[in-house]
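Asks: Just dropping this structure here.
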Amino acid sequence: GESPNAVKMQVYCVLIAQLLMVVIRKKAATKKSFANMITVIRLHLTSYVGLMEFIKDTYKAWRKKHNASSLAFSP
């Protein structure tokens with residue numbers, strides 16, 4: 001929306017999302033940049049992986065998830 005109320009709501013949503021990402025980054029104690037973290041999370045929103053494990057070691061969590069899913073679907 002373009003009304004003043006809609007713009008305020010969009011700004012508040014972005015601020016809340018950014019605050020959540022800062023808290024997650026601090027809890028995960030990762031050295032990843034904020035932009036990289038946001039991109040990785042955005043790309044994997046539909047993946048079922050543990051968030052903290054995923055932030056700490058993205059590749060390990062991704063491999064673990066895909067190895068488990070490939071074993072579950074093997075004939």
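Ordered as shown in the structure tokens, chains take letters A, B, and onward, while each chain numbers its residues from 1 and ligands are numbered from 1 in the order shown.
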Using only C-alpha atoms, determine which residues lie at most 8 Å from Gly50 (chain A), disregarding the query and same-chain residues fewer than 3 positions distant; provide the list as a ChimeraX atom specification.

Replies: /A:53-54,61

Asks: Using only N, CA, C and O atoms, please write the residues we just selected to a file, as an mmCIF file, in the first residue's frame.

Replies:
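Contents of the output file selection-v2.cif:
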```cif
data_model
loop_
_atom_site.group_PDB
_atom_site.id
_atom_site.type_symbol
_atom_site.label_atom_id
_atom_site.label_comp_id
_atom_site.auth_asym_id
_atom_site.auth_seq_id
_atom_site.Cartn_x
_atom_site.Cartn_y
_atom_site.Cartn_z
ATOM 1 N N GLU A 53 21.783 -24.143 13.959
ATOM 2 C CA GLU A 53 22.736 -25.021 13.275
ATOM 3 C C GLU A 53 22.991 -24.508 11.863
ATOM 4 O O GLU A 53 24.114 -24.505 11.383
ATOM 5 N N PHE A 54 21.934 -24.048 11.220
ATOM 6 C CA PHE A 54 22.035 -23.549 9.858
ATOM 7 C C PHE A 54 22.865 -22.275 9.784
ATOM 8 O O PHE A 54 23.677 -22.106 8.881
ATOM 9 N N ALA A 61 24.767 -28.089 7.727
ATOM 10 C CA ALA A 61 23.332 -28.277 7.969
ATOM 11 C C ALA A 61 22.619 -28.647 6.680
ATOM 12 O O ALA A 61 21.745 -29.517 6.676
#
```

Asks: Find the residue from A:Phe34, A:Val7, A:Leu51, A:Arg63 that sits nearest to Met21 (chain A); use only C-alpha atoms when measuring.

Replies: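 Smallest separation from Met21 (chain A) among the options: A:Phe34.
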
Asks: CA of Ile41 (chain A) and CA of Gln18 (chain A) are how many Å apart?

Replies: 12.6 Å

Asks: So that I can see what lies close to Lys26 (chain A), please list as a PDB file with N, CA, C and O atoms, in the first residue's frame the residues with an atom at most 12 Å from it, counting only C-alpha atoms and leaving out residues fewer than 5 positions away in the same chain.

Replies:
```
ATOM      1  N   LEU A  19      15.832  -6.559  13.553  1.00  0.00           N
ATOM      2  CA  LEU A  19      16.149  -6.812  14.954  1.00  0.00           C
ATOM      3  C   LEU A  19      16.241  -8.310  15.228  1.00  0.00           C
ATOM      4  O   LEU A  19      17.159  -8.772  15.908  1.00  0.00           O
ATOM      5  N   LEU A  20      15.304  -9.083  14.696  1.00  0.00           N
ATOM      6  CA  LEU A  20      15.355 -10.536  14.868  1.00  0.00           C
ATOM      7  C   LEU A  20      16.626 -11.125  14.274  1.00  0.00           C
ATOM      8  O   LEU A  20      17.247 -12.016  14.862  1.00  0.00           O
ATOM      9  N   MET A  21      17.038 -10.640  13.122  1.00  0.00           N
ATOM     10  CA  MET A  21      18.261 -11.145  12.501  1.00  0.00           C
ATOM     11  C   MET A  21      19.498 -10.789  13.317  1.00  0.00           C
ATOM     12  O   MET A  21      20.423 -11.588  13.420  1.00  0.00           O
ATOM     13  N   LYS A  31      30.379 -15.341  12.212  1.00  0.00           N
ATOM     14  CA  LYS A  31      31.134 -14.240  11.620  1.00  0.00           C
ATOM     15  C   LYS A  31      30.573 -13.855  10.253  1.00  0.00           C
ATOM     16  O   LYS A  31      31.135 -13.026   9.554  1.00  0.00           O
ATOM     17  N   LYS A  32      29.456 -14.486   9.858  1.00  0.00           N
ATOM     18  CA  LYS A  32      28.866 -14.170   8.560  1.00  0.00           C
ATOM     19  C   LYS A  32      28.368 -12.734   8.545  1.00  0.00           C
ATOM     20  O   LYS A  32      27.892 -12.221   9.551  1.00  0.00           O
ATOM     21  N   SER A  33      28.463 -12.134   7.380  1.00  0.00           N
ATOM     22  CA  SER A  33      27.952 -10.773   7.258  1.00  0.00           C
ATOM     23  C   SER A  33      26.430 -10.800   7.314  1.00  0.00           C
ATOM     24  O   SER A  33      25.791 -11.809   7.029  1.00  0.00           O
ATOM     25  N   PHE A  34      25.870  -9.681   7.681  1.00  0.00           N
ATOM     26  CA  PHE A  34      24.416  -9.562   7.799  1.00  0.00           C
ATOM     27  C   PHE A  34      23.750  -9.862   6.465  1.00  0.00           C
ATOM     28  O   PHE A  34      22.769 -10.601   6.392  1.00  0.00           O
ATOM     29  N   MET A  37      23.827 -13.602   5.651  1.00  0.00           N
ATOM     30  CA  MET A  37      22.878 -14.318   6.490  1.00  0.00           C
ATOM     31  C   MET A  37      21.455 -14.159   5.968  1.00  0.00           C
ATOM     32  O   MET A  37      20.701 -15.127   5.869  1.00  0.00           O
ATOM     33  N   MET A  52      19.670 -22.323  14.295  1.00  0.00           N
ATOM     34  CA  MET A  52      21.001 -22.026  14.847  1.00  0.00           C
ATOM     35  C   MET A  52      22.078 -22.876  14.187  1.00  0.00           C
ATOM     36  O   MET A  52      23.161 -22.387  13.880  1.00  0.00           O
ATOM     37  N   ILE A  55      22.689 -21.387  10.745  1.00  0.00           N
ATOM     38  CA  ILE A  55      23.451 -20.136  10.756  1.00  0.00           C
ATOM     39  C   ILE A  55      24.921 -20.403  11.071  1.00  0.00           C
ATOM     40  O   ILE A  55      25.811 -19.831  10.450  1.00  0.00           O
ATOM     41  N   LYS A  56      25.180 -21.286  12.038  1.00  0.00           N
ATOM     42  CA  LYS A  56      26.568 -21.554  12.433  1.00  0.00           C
ATOM     43  C   LYS A  56      27.365 -22.193  11.308  1.00  0.00           C
ATOM     44  O   LYS A  56      28.494 -21.813  11.040  1.00  0.00           O
TER      45      LYS A  56
END
```

Asks: In Å, rounded to a single decimal, give me how far CA of Glu2 (chain A) is from CA of Thr46 (chain A).

Replies: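 A separation of 29.4 Å between them.
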